[in-house]
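Shown here: upload_21.pdb, PDB, C-alpha atoms.
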ATOM      1  CA  GLY I 239      -9.154 -12.546  27.879
ATOM      2  CA  TRP I 240      -9.292 -16.041  26.383
ATOM      3  CA  LEU I 241      -9.260 -17.532  29.881
ATOM      4  CA  HIS I 242     -11.879 -15.113  31.278
ATOM      5  CA  ARG I 243      -9.646 -14.488  34.277
ATOM      6  CA  THR I 244      -8.050 -11.387  35.763
ATOM      7  CA  ASP I 245      -5.487 -12.976  38.092
ATOM      8  CA  ASN I 246      -2.944 -14.173  35.548
ATOM      9  CA  ALA I 247      -1.205 -10.946  34.473
ATOM     10  CA  THR I 248       2.033 -11.729  36.288
ATOM     11  CA  ILE I 249       2.222 -15.363  35.150
ATOM     12  CA  VAL I 250       1.584 -14.782  31.427
ATOM     13  CA  PRO I 251       5.096 -13.422  30.601
ATOM     14  CA  VAL I 252       6.636 -16.542  32.152
ATOM     15  CA  CYS I 253       4.268 -18.769  30.166
ATOM     16  CA  ILE I 254       5.283 -16.968  26.963
ATOM     17  CA  GLN I 255       8.944 -17.643  27.712
ATOM     18  CA  LEU I 256       8.221 -21.321  28.369
ATOM     19  CA  ALA I 257       6.241 -21.527  25.119
ATOM     20  CA  GLU I 258       9.197 -20.053  23.229
ATOM     21  CA  VAL I 259      11.470 -22.774  24.617
ATOM     22  CA  THR I 260       9.100 -25.411  23.209
ATOM     23  CA  ILE I 261       8.811 -23.513  19.920
ATOM     24  CA  ASN I 262      12.597 -23.647  19.530
ATOM     25  CA  TYR I 263      13.354 -27.101  20.934
ATOM     26  CA  GLY I 264      10.096 -29.095  20.850
ATOM     27  CA  ASP I 265       8.490 -30.972  23.736
ATOM     28  CA  GLY I 266      10.184 -34.340  23.265
ATOM     29  CA  GLY I 267       6.869 -35.843  22.165
ATOM     30  CA  ASN I 268       4.332 -34.779  19.553
ATOM     31  CA  VAL I 269       5.781 -31.326  18.877
ATOM     32  CA  SER I 270       9.163 -30.799  17.211
ATOM     33  CA  GLY I 271      11.042 -27.524  17.374
ATOM     34  CA  LEU I 272      10.533 -25.236  14.404
ATOM     35  CA  ARG I 273      13.181 -25.319  11.661
ATOM     36  CA  VAL I 274      11.862 -23.086   8.879
ATOM     37  CA  LEU I 275      13.169 -20.614   6.306
ATOM     38  CA  GLU I 276      12.540 -17.584   8.504
ATOM     39  CA  MET I 277      15.017 -19.007  11.019
ATOM     40  CA  GLU I 278      17.864 -19.637   8.540
ATOM     41  CA  THR I 279      20.832 -17.282   8.835
ATOM     42  CA  ALA I 280      24.110 -17.118   6.909
ATOM     43  CA  TYR I 281      27.370 -17.760   8.769
ATOM     44  CA  SER I 282      31.003 -16.976   8.005
ATOM     45  CA  GLY I 283      34.005 -17.632  10.218
ATOM     46  CA  THR I 284      37.771 -18.075   9.990
ATOM     47  CA  THR I 285      39.879 -20.751  11.616
ATOM     48  CA  THR I 286      43.165 -20.151  13.423
ATOM     49  CA  SER I 287      46.074 -22.534  13.025
ATOM     50  CA  GLY I 288      46.397 -24.746  16.094
ATOM     51  CA  THR I 289      43.057 -23.634  17.569
ATOM     52  CA  ALA I 290      40.321 -26.265  17.607
ATOM     53  CA  THR I 291      37.313 -24.047  18.333
ATOM     54  CA  LEU I 292      35.082 -21.442  16.727
ATOM     55  CA  ALA I 293      32.475 -19.553  18.751
ATOM     56  CA  LEU I 294      28.887 -20.365  17.889
ATOM     57  CA  PRO I 295      26.661 -17.472  16.777
ATOM     58  CA  THR I 296      24.395 -15.817  19.320
ATOM     59  CA  ASN I 297      20.981 -17.549  19.664
ATOM     60  CA  PHE I 298      22.260 -20.517  17.651
ATOM     61  CA  LEU I 299      20.047 -23.625  17.449
ATOM     62  CA  GLU I 300      21.723 -25.963  14.970
ATOM     63  CA  TRP I 301      23.573 -26.030  11.673
ATOM     64  CA  ARG I 302      21.727 -26.610   8.437
ATOM     65  CA  LYS I 303      24.821 -26.779   6.230
ATOM     66  CA  LEU I 304      28.465 -26.052   7.016
ATOM     67  CA  TYR I 305      31.410 -25.843   4.621
ATOM     68  CA  ILE I 306      35.162 -25.244   4.759
ATOM     69  CA  THR I 307      37.063 -23.641   1.871
ATOM     70  CA  TYR I 308      40.725 -24.272   1.077
ATOM     71  CA  SER I 309      42.704 -23.776  -2.148
ATOM     72  CA  GLY I 310      39.490 -22.677  -3.855
ATOM     73  CA  ILE I 311      37.729 -25.931  -2.927
ATOM     74  CA  ARG I 312      34.575 -25.918  -0.800
ATOM     75  CA  ARG I 313      33.872 -29.091   1.162
ATOM     76  CA  GLU I 314      31.026 -29.877   3.530
ATOM     77  CA  LEU I 315      31.893 -30.375   7.190
ATOM     78  CA  ARG I 316      30.190 -33.387   8.777
ATOM     79  CA  GLN I 317      29.071 -33.566  12.382
ATOM     80  CA  ARG I 318      30.692 -36.211  14.599
ATOM     81  CA  SER I 319      29.877 -37.379  18.099
ATOM     82  CA  ALA I 320      30.831 -35.117  20.982
ATOM     83  CA  ILE I 321      33.166 -37.707  22.519
ATOM     84  CA  PRO I 322      36.470 -35.803  23.004
ATOM     85  CA  MET I 323      39.562 -36.934  21.151
ATOM     86  CA  SER I 324      42.309 -38.525  23.194
ATOM     87  CA  LEU I 325      45.605 -36.711  23.786
ATOM     88  CA  ALA I 326      47.303 -39.137  21.402
ATOM     89  CA  GLU I 327      44.883 -38.220  18.626
ATOM     90  CA  ARG I 328      45.270 -34.510  19.277
ATOM     91  CA  SER I 329      49.047 -34.698  19.018
ATOM     92  CA  VAL I 330      49.015 -35.898  15.403
ATOM     93  CA  LEU I 331      45.768 -34.554  13.957
ATOM     94  CA  ASN I 332      46.564 -31.018  12.837
ATOM     95  CA  ASP I 333      45.215 -30.843   9.324
ATOM     96  CA  ILE I 334      42.358 -29.480   7.208
ATOM     97  CA  PRO I 335      39.170 -29.964   9.308
ATOM     98  CA  GLN I 336      36.689 -32.522   8.046
ATOM     99  CA  ARG I 337      34.218 -32.806  10.932
ATOM    100  CA  TYR I 338      32.908 -30.847  13.883
ATOM    101  CA  TRP I 339      31.080 -31.285  17.155
ATOM    102  CA  ILE I 340      29.359 -28.843  19.487
ATOM    103  CA  GLN I 341      30.045 -28.373  23.155
ATOM    104  CA  GLY I 342      28.572 -25.475  25.104
ATOM    105  CA  SER I 343      28.869 -22.282  23.062
ATOM    106  CA  SER I 344      31.771 -23.547  20.933
ATOM    107  CA  MET I 345      32.197 -25.646  17.811
ATOM    108  CA  TYR I 346      35.190 -27.997  17.853
ATOM    109  CA  LEU I 347      36.888 -28.817  14.560
ATOM    110  CA  ASP I 348      38.393 -32.216  13.801
ATOM    111  CA  PRO I 349      41.220 -32.374  12.840
ATOM    112  CA  ILE I 350      42.496 -29.240  14.561
ATOM    113  CA  PRO I 351      43.141 -26.637  11.801
ATOM    114  CA  ASN I 352      46.704 -26.468  10.524
ATOM    115  CA  GLY I 353      46.103 -23.087   8.881
ATOM    116  CA  THR I 354      43.632 -20.299   8.219
ATOM    117  CA  TYR I 355      40.478 -21.477   6.451
ATOM    118  CA  THR I 356      37.105 -19.930   5.729
ATOM    119  CA  VAL I 357      34.082 -21.673   7.249
ATOM    120  CA  THR I 358      30.672 -20.751   5.809
ATOM    121  CA  GLY I 359      27.168 -22.106   5.971
ATOM    122  CA  ASP I 360      23.636 -21.654   7.215
ATOM    123  CA  TYR I 361      22.249 -22.181  10.690
ATOM    124  CA  TYR I 362      18.897 -22.005  12.419
ATOM    125  CA  LEU I 363      18.437 -18.985  14.679
ATOM    126  CA  LYS I 364      16.120 -19.071  17.683
ATOM    127  CA  VAL I 365      12.760 -17.371  17.241
ATOM    128  CA  PRO I 366      13.299 -13.825  18.626
ATOM    129  CA  ALA I 367      11.904 -13.593  22.145
ATOM    130  CA  LEU I 368       8.915 -11.276  22.437
ATOM    131  CA  THR I 369      10.404  -9.736  25.575
ATOM    132  CA  SER I 370      13.428  -8.532  23.608
ATOM    133  CA  THR I 371      11.558  -6.666  20.859
ATOM    134  CA  ALA I 372       9.198  -3.708  20.811
ATOM    135  CA  THR I 373       7.258  -5.132  17.842
ATOM    136  CA  PRO I 374       5.836  -8.608  17.126
ATOM    137  CA  ASN I 375       8.350 -11.110  15.779
ATOM    138  CA  TRP I 376       7.812 -12.923  12.482
ATOM    139  CA  LEU I 377       6.171 -15.947  14.124
ATOM    140  CA  LEU I 378       3.565 -13.979  16.057
ATOM    141  CA  THR I 379       2.694 -12.148  12.832
ATOM    142  CA  ALA I 380       2.538 -15.304  10.700
ATOM    143  CA  ALA I 381       1.014 -17.758  13.190
ATOM    144  CA  PRO I 382      -0.511 -16.074  16.266
ATOM    145  CA  MET I 383      -2.200 -19.332  17.323
ATOM    146  CA  VAL I 384       1.232 -20.810  18.077
ATOM    147  CA  TYR I 385       1.754 -18.157  20.743
ATOM    148  CA  LEU I 386      -1.823 -18.150  22.030
ATOM    149  CA  ALA I 387      -2.117 -21.919  22.413
ATOM    150  CA  GLY I 388       1.478 -22.313  23.579
ATOM    151  CA  THR I 389       1.155 -19.686  26.286
ATOM    152  CA  ILE I 390      -2.112 -21.067  27.651
ATOM    153  CA  LEU I 391      -0.786 -24.626  27.487
ATOM    154  CA  HIS I 392       2.306 -23.745  29.512
ATOM    155  CA  GLY I 393       0.174 -21.942  32.068
ATOM    156  CA  SER I 394      -2.116 -24.940  32.585
ATOM    157  CA  LEU I 395      -0.287 -26.138  35.700
ATOM    158  CA  TRP I 396      -0.776 -22.735  37.327
ATOM    159  CA  PHE I 397      -4.450 -22.587  36.328
ATOM    160  CA  GLY I 398      -5.322 -25.604  38.503
ATOM    161  CA  THR I 399      -6.395 -29.220  38.126
ATOM    162  CA  LYS I 400      -9.858 -28.357  36.787
ATOM    163  CA  PHE I 401      -8.374 -26.601  33.751
ATOM    164  CA  ASP I 402      -8.618 -28.756  30.612
ATOM    165  CA  GLN I 403      -5.326 -28.404  28.799
ATOM    166  CA  SER I 404      -5.990 -31.069  26.152
ATOM    167  CA  LYS I 405      -7.664 -28.785  23.600
ATOM    168  CA  TRP I 406      -4.843 -26.241  23.911
ATOM    169  CA  ALA I 407      -2.204 -28.956  23.568
ATOM    170  CA  LYS I 408      -3.883 -30.075  20.343
ATOM    171  CA  ALA I 409      -4.256 -26.485  19.094
ATOM    172  CA  PHE I 410      -0.563 -25.855  19.754
ATOM    173  CA  GLU I 411       0.450 -29.038  17.930
ATOM    174  CA  ILE I 412      -1.750 -28.191  14.920
ATOM    175  CA  ALA I 413      -0.469 -24.604  14.744
ATOM    176  CA  MET I 414       3.184 -25.715  14.895
ATOM    177  CA  ASN I 415       2.595 -28.356  12.198
ATOM    178  CA  GLN I 416       0.894 -25.765  10.002
ATOM    179  CA  VAL I 417       3.978 -23.523  10.132
ATOM    180  CA  THR I 418       6.121 -26.486   9.082
ATOM    181  CA  ARG I 419       3.745 -27.445   6.248
ATOM    182  CA  ASN I 420       3.740 -23.876   4.945
ATOM    183  CA  ASP I 421       7.535 -23.952   4.995
ATOM    184  CA  ILE I 422       7.571 -27.157   2.948
ATOM    185  CA  ARG I 423       5.378 -25.497   0.324
ATOM    186  CA  LYS I 424       7.581 -22.394   0.239
ATOM    187  CA  ARG I 425      10.655 -24.539  -0.320
ATOM    188  CA  GLY I 426       8.906 -26.231  -3.244
ATOM    189  CA  PHE I 427       9.453 -29.747  -1.938
ATOM    190  CA  GLY I 428       6.084 -30.779  -3.336
ATOM    191  CA  MET I 429       7.295 -29.891  -6.839
ATOM    192  CA  ILE I 430      10.231 -32.326  -6.730
ATOM    193  CA  GLN I 431       9.694 -35.344  -8.962
ATOM    194  CA  ALA I 432      11.926 -38.344  -9.528
ATOM    195  CA  PRO I 433      13.480 -38.231 -13.023
ATOM    196  CA  VAL I 434      12.352 -40.962 -15.400
ATOM    197  CA  ASP I 435      14.415 -42.046 -18.405
ATOM    198  CA  ALA I 436      12.553 -41.144 -21.609
ATOM    199  CA  ALA I 437      13.874 -44.306 -23.266
ATOM    200  CA  TYR I 438      12.186 -46.363 -20.570
ATOM    201  CA  LEU I 439       8.844 -44.661 -21.193
ATOM    202  CA  ASN I 440       9.106 -45.300 -24.947
ATOM    203  CA  ARG I 441       9.684 -49.033 -24.574
ATOM    204  CA  GLY I 442       7.022 -51.485 -25.655
ATOM    205  CA  ARG I 443       6.291 -54.878 -24.197
ATOM    206  CA  PHE I 444       9.263 -56.838 -22.827
ATOM    207  CA  ASN I 445       9.657 -60.480 -23.908
ATOM    208  CA  ILE I 446      11.262 -62.438 -21.082
ATOM    209  CA  ARG I 447      12.287 -65.252 -23.445
ATOM    210  CA  THR I 448      14.128 -63.121 -25.985
ATOM    211  CA  GLY I 449      15.196 -60.353 -23.614
ATOM    212  CA  MET I 450      13.751 -57.750 -25.992
TER     213      MET I 450
END
Structure re-expressed in structure tokens:
Amino acid sequence: GWLHRTDNATIVPVCIQLAEVTINYGDGGNVSGLRVLEMETAYSGTTTSGTATLALPTNFLEWRKLYITYSGIRRELRQRSAIPMSLAERSVLNDIPQRYWIQGSSMYLDPIPNGTYTVTGDYYLKVPALTSTATPNWLLTAAPMVYLAGTILHGSLWFGTKFDQSKWAKAFEIAMNQVTRNDIRKRGFGMIQAPVDAAYLNRGRFNIRTGM
């Protein structure tokens, strides 16, 4: 309807899927993938002694925070590069994990766990695909312009060289940024203020000669 065409019914579902890829991962340029509160999901897993991997959750995008608990202590796990450890390193590094890296659908722990530990945290879940639900997902309800502009933008190659995609590219960028800005407000980041020492505020003039 927005395109005033009747020959695009079969291509629109594909364009929606392509738009959802950009919504989740960004376009490598002006648009970053969404990472907002609605996408955050709690995680809990358990390590196995001598096993380096834990399966990633279904529709996982990336970790927000990840912790390991041992002896009542909770410590944050840090991400390391995905360069595999050498065989020499693997032979001696069986201990409490401190870091992790991601490869395929698995998370590798470093060092390899030497016991059973609880791993908890929060991760970003992909925006639910419209094709997999009978009702609109949270993003279509909250920001329909993201889907409208994204779908038309990703169909621009099919629509031909005379189709002007620039206004839809801008509309998609603005709509995605608006979702992120709304998320910042919901998190209350704008309310955070740097603490100032009251004693500093109560000081009078400073004399550089006397130091008082």
Name all residues at most 7 Å from Pro349 in chain I (count all atoms listed in the file; drop same-chain ones fewer than 4 positions away) and give them as a list in words.
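Result of the neighbour search: Leu331, Asn332, Asp333, Ile334, Pro335 and Gln336 of chain I.
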Contacts of range 358-369 of chain I at 8 Å or less, counting all atoms listed in the file, minus same-chain residues fewer than 6 places along, as a list of chain:residue names?
I:Gln255, I:Glu258, I:Ile261, I:Asn262, I:Arg273, I:Val274, I:Met277, I:Glu278, I:Thr279, I:Ala280, I:Tyr281, I:Ser282, I:Gly283, I:Asn297, I:Phe298, I:Leu299, I:Glu300, I:Trp301, I:Arg302, I:Lys303, I:Leu304, I:Tyr305, I:Ile306, I:Asn375, I:Leu377
Applied to the shown file, which residues does the PyMOL selection byres ((chain I and resi 412) around 12) return, written as a PyMOL selection string?
chain I and resi 268-270+381+383-384+387-388+405-411+413-419
Choose the residue, out of I:Ala293, I:Ile321, I:Gly353, I:Leu272, that has the smallest atom-to-atom separation from Tyr308 in chain I; count all atoms listed in the file.
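When distances to Tyr308 in chain I are compared using all atoms listed in the file, the smallest one comes from I:Gly353.
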List the residues selected by the PyMOL selection byres ((chain I and resi 287) around 6) in the file shown, writing them as a PyMOL selection string.
chain I and resi 286+288-289+351-354
For a quick check of your reading of the model, name the residues lying within 10 Å of the coordinate (7.5, -20.7, 27.2), counting all atoms listed in the file, and write them as a VMD selection string.
chain I and resid 250 to 262 367 385 388 to 393
Convert the current residue selection to file output with C-alpha atoms, as an mmCIF file, keeping the file's coordinate frame.
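Dumped to part_11.cif:
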data_model
loop_
_atom_site.group_PDB
_atom_site.id
_atom_site.type_symbol
_atom_site.label_atom_id
_atom_site.label_comp_id
_atom_site.auth_asym_id
_atom_site.auth_seq_id
_atom_site.Cartn_x
_atom_site.Cartn_y
_atom_site.Cartn_z
ATOM 1 C CA VAL I 250 1.584 -14.782 31.427
ATOM 2 C CA PRO I 251 5.096 -13.422 30.601
ATOM 3 C CA VAL I 252 6.636 -16.542 32.152
ATOM 4 C CA CYS I 253 4.268 -18.769 30.166
ATOM 5 C CA ILE I 254 5.283 -16.968 26.963
ATOM 6 C CA GLN I 255 8.944 -17.643 27.712
ATOM 7 C CA LEU I 256 8.221 -21.321 28.369
ATOM 8 C CA ALA I 257 6.241 -21.527 25.119
ATOM 9 C CA GLU I 258 9.197 -20.053 23.229
ATOM 10 C CA VAL I 259 11.470 -22.774 24.617
ATOM 11 C CA THR I 260 9.100 -25.411 23.209
ATOM 12 C CA ILE I 261 8.811 -23.513 19.920
ATOM 13 C CA ASN I 262 12.597 -23.647 19.530
ATOM 14 C CA ALA I 367 11.904 -13.593 22.145
ATOM 15 C CA TYR I 385 1.754 -18.157 20.743
ATOM 16 C CA GLY I 388 1.478 -22.313 23.579
ATOM 17 C CA THR I 389 1.155 -19.686 26.286
ATOM 18 C CA ILE I 390 -2.112 -21.067 27.651
ATOM 19 C CA LEU I 391 -0.786 -24.626 27.487
ATOM 20 C CA HIS I 392 2.306 -23.745 29.512
ATOM 21 C CA GLY I 393 0.174 -21.942 32.068
#
Local residues around (-6.1, -17.2, 30.8), at most 10 Å away, using all atoms listed in the file, as a list in words
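Result, sorted by chain then residue number: Gly239, Trp240, Leu241, His242, Arg243, Thr244, Asp245, Asn246, Ala247, Ile249, Val250, Leu386, Thr389, Ile390, Leu391, Gly393, Ser394 and Phe397 of chain I.
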I'd like to know which of I:Gln341, I:Thr296, I:Thr291, I:Thr307 is closest to Thr356 in chain I, using all atoms listed in the file.
I:Thr307
Between CA of Glu276 in chain I and CA of Thr373 in chain I, distance in Å (one decimal)
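It comes out at 16.4 Å.
Note that CA of Ser309 in chain I and CA of Tyr338 in chain I are 20.1 Å apart.
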Quick check, in Å to one decimal: how far apart do CA of Asn420 in chain I and CA of Gly266 in chain I lie?
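We find that CA of Asn420 in chain I and CA of Gly266 in chain I lie 22.1 Å from each other.
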Using all atoms listed in the file, pick whichever of I:Ala290, I:Leu395, I:Ile350, I:Leu315 has the shortest atom-to-atom distance to Arg337 in chain I.
I:Leu315
Reconstructed N, CA, C and O atoms for range 360-373 of chain I, given as a PDB file, in the coordinates of the input:
ATOM      1  N   ASP I 360      24.923 -22.164   6.758  1.00  0.00           N
ATOM      2  CA  ASP I 360      23.636 -21.654   7.215  1.00  0.00           C
ATOM      3  C   ASP I 360      23.279 -22.349   8.516  1.00  0.00           C
ATOM      4  O   ASP I 360      23.527 -23.539   8.677  1.00  0.00           O
ATOM      5  N   TYR I 361      22.677 -21.595   9.430  1.00  0.00           N
ATOM      6  CA  TYR I 361      22.249 -22.181  10.690  1.00  0.00           C
ATOM      7  C   TYR I 361      20.863 -21.682  11.049  1.00  0.00           C
ATOM      8  O   TYR I 361      20.377 -20.692  10.498  1.00  0.00           O
ATOM      9  N   TYR I 362      20.216 -22.400  11.946  1.00  0.00           N
ATOM     10  CA  TYR I 362      18.897 -22.005  12.419  1.00  0.00           C
ATOM     11  C   TYR I 362      19.049 -21.130  13.661  1.00  0.00           C
ATOM     12  O   TYR I 362      19.705 -21.507  14.630  1.00  0.00           O
ATOM     13  N   LEU I 363      18.423 -19.960  13.596  1.00  0.00           N
ATOM     14  CA  LEU I 363      18.437 -18.985  14.679  1.00  0.00           C
ATOM     15  C   LEU I 363      17.176 -19.144  15.516  1.00  0.00           C
ATOM     16  O   LEU I 363      16.095 -19.410  14.988  1.00  0.00           O
ATOM     17  N   LYS I 364      17.291 -19.002  16.820  1.00  0.00           N
ATOM     18  CA  LYS I 364      16.120 -19.071  17.683  1.00  0.00           C
ATOM     19  C   LYS I 364      15.082 -18.032  17.278  1.00  0.00           C
ATOM     20  O   LYS I 364      15.435 -16.948  16.776  1.00  0.00           O
ATOM     21  N   VAL I 365      13.817 -18.354  17.458  1.00  0.00           N
ATOM     22  CA  VAL I 365      12.760 -17.371  17.241  1.00  0.00           C
ATOM     23  C   VAL I 365      12.981 -16.213  18.218  1.00  0.00           C
ATOM     24  O   VAL I 365      13.155 -16.439  19.419  1.00  0.00           O
ATOM     25  N   PRO I 366      13.032 -14.958  17.728  1.00  0.00           N
ATOM     26  CA  PRO I 366      13.299 -13.825  18.626  1.00  0.00           C
ATOM     27  C   PRO I 366      12.286 -13.764  19.764  1.00  0.00           C
ATOM     28  O   PRO I 366      11.079 -13.833  19.541  1.00  0.00           O
ATOM     29  N   ALA I 367      12.789 -13.654  20.984  1.00  0.00           N
ATOM     30  CA  ALA I 367      11.904 -13.593  22.145  1.00  0.00           C
ATOM     31  C   ALA I 367      11.068 -12.321  22.114  1.00  0.00           C
ATOM     32  O   ALA I 367      11.577 -11.242  21.804  1.00  0.00           O
ATOM     33  N   LEU I 368       9.794 -12.451  22.444  1.00  0.00           N
ATOM     34  CA  LEU I 368       8.915 -11.276  22.437  1.00  0.00           C
ATOM     35  C   LEU I 368       9.374 -10.234  23.458  1.00  0.00           C
ATOM     36  O   LEU I 368       9.195  -9.048  23.261  1.00  0.00           O
ATOM     37  N   THR I 369       9.979 -10.678  24.534  1.00  0.00           N
ATOM     38  CA  THR I 369      10.404  -9.736  25.575  1.00  0.00           C
ATOM     39  C   THR I 369      11.575  -8.875  25.131  1.00  0.00           C
ATOM     40  O   THR I 369      11.870  -7.871  25.753  1.00  0.00           O
ATOM     41  N   SER I 370      12.245  -9.273  24.039  1.00  0.00           N
ATOM     42  CA  SER I 370      13.428  -8.532  23.608  1.00  0.00           C
ATOM     43  C   SER I 370      13.144  -7.587  22.448  1.00  0.00           C
ATOM     44  O   SER I 370      14.039  -6.936  21.942  1.00  0.00           O
ATOM     45  N   THR I 371      11.898  -7.524  21.996  1.00  0.00           N
ATOM     46  CA  THR I 371      11.558  -6.666  20.859  1.00  0.00           C
ATOM     47  C   THR I 371      10.358  -5.802  21.194  1.00  0.00           C
ATOM     48  O   THR I 371       9.488  -6.178  21.975  1.00  0.00           O
ATOM     49  N   ALA I 372      10.323  -4.618  20.588  1.00  0.00           N
ATOM     50  CA  ALA I 372       9.198  -3.708  20.811  1.00  0.00           C
ATOM     51  C   ALA I 372       8.042  -4.006  19.870  1.00  0.00           C
ATOM     52  O   ALA I 372       6.929  -3.521  20.075  1.00  0.00           O
ATOM     53  N   THR I 373       8.292  -4.801  18.820  1.00  0.00           N
ATOM     54  CA  THR I 373       7.258  -5.132  17.842  1.00  0.00           C
ATOM     55  C   THR I 373       7.129  -6.650  17.749  1.00  0.00           C
ATOM     56  O   THR I 373       8.043  -7.389  18.138  1.00  0.00           O
TER      57      THR I 373
END
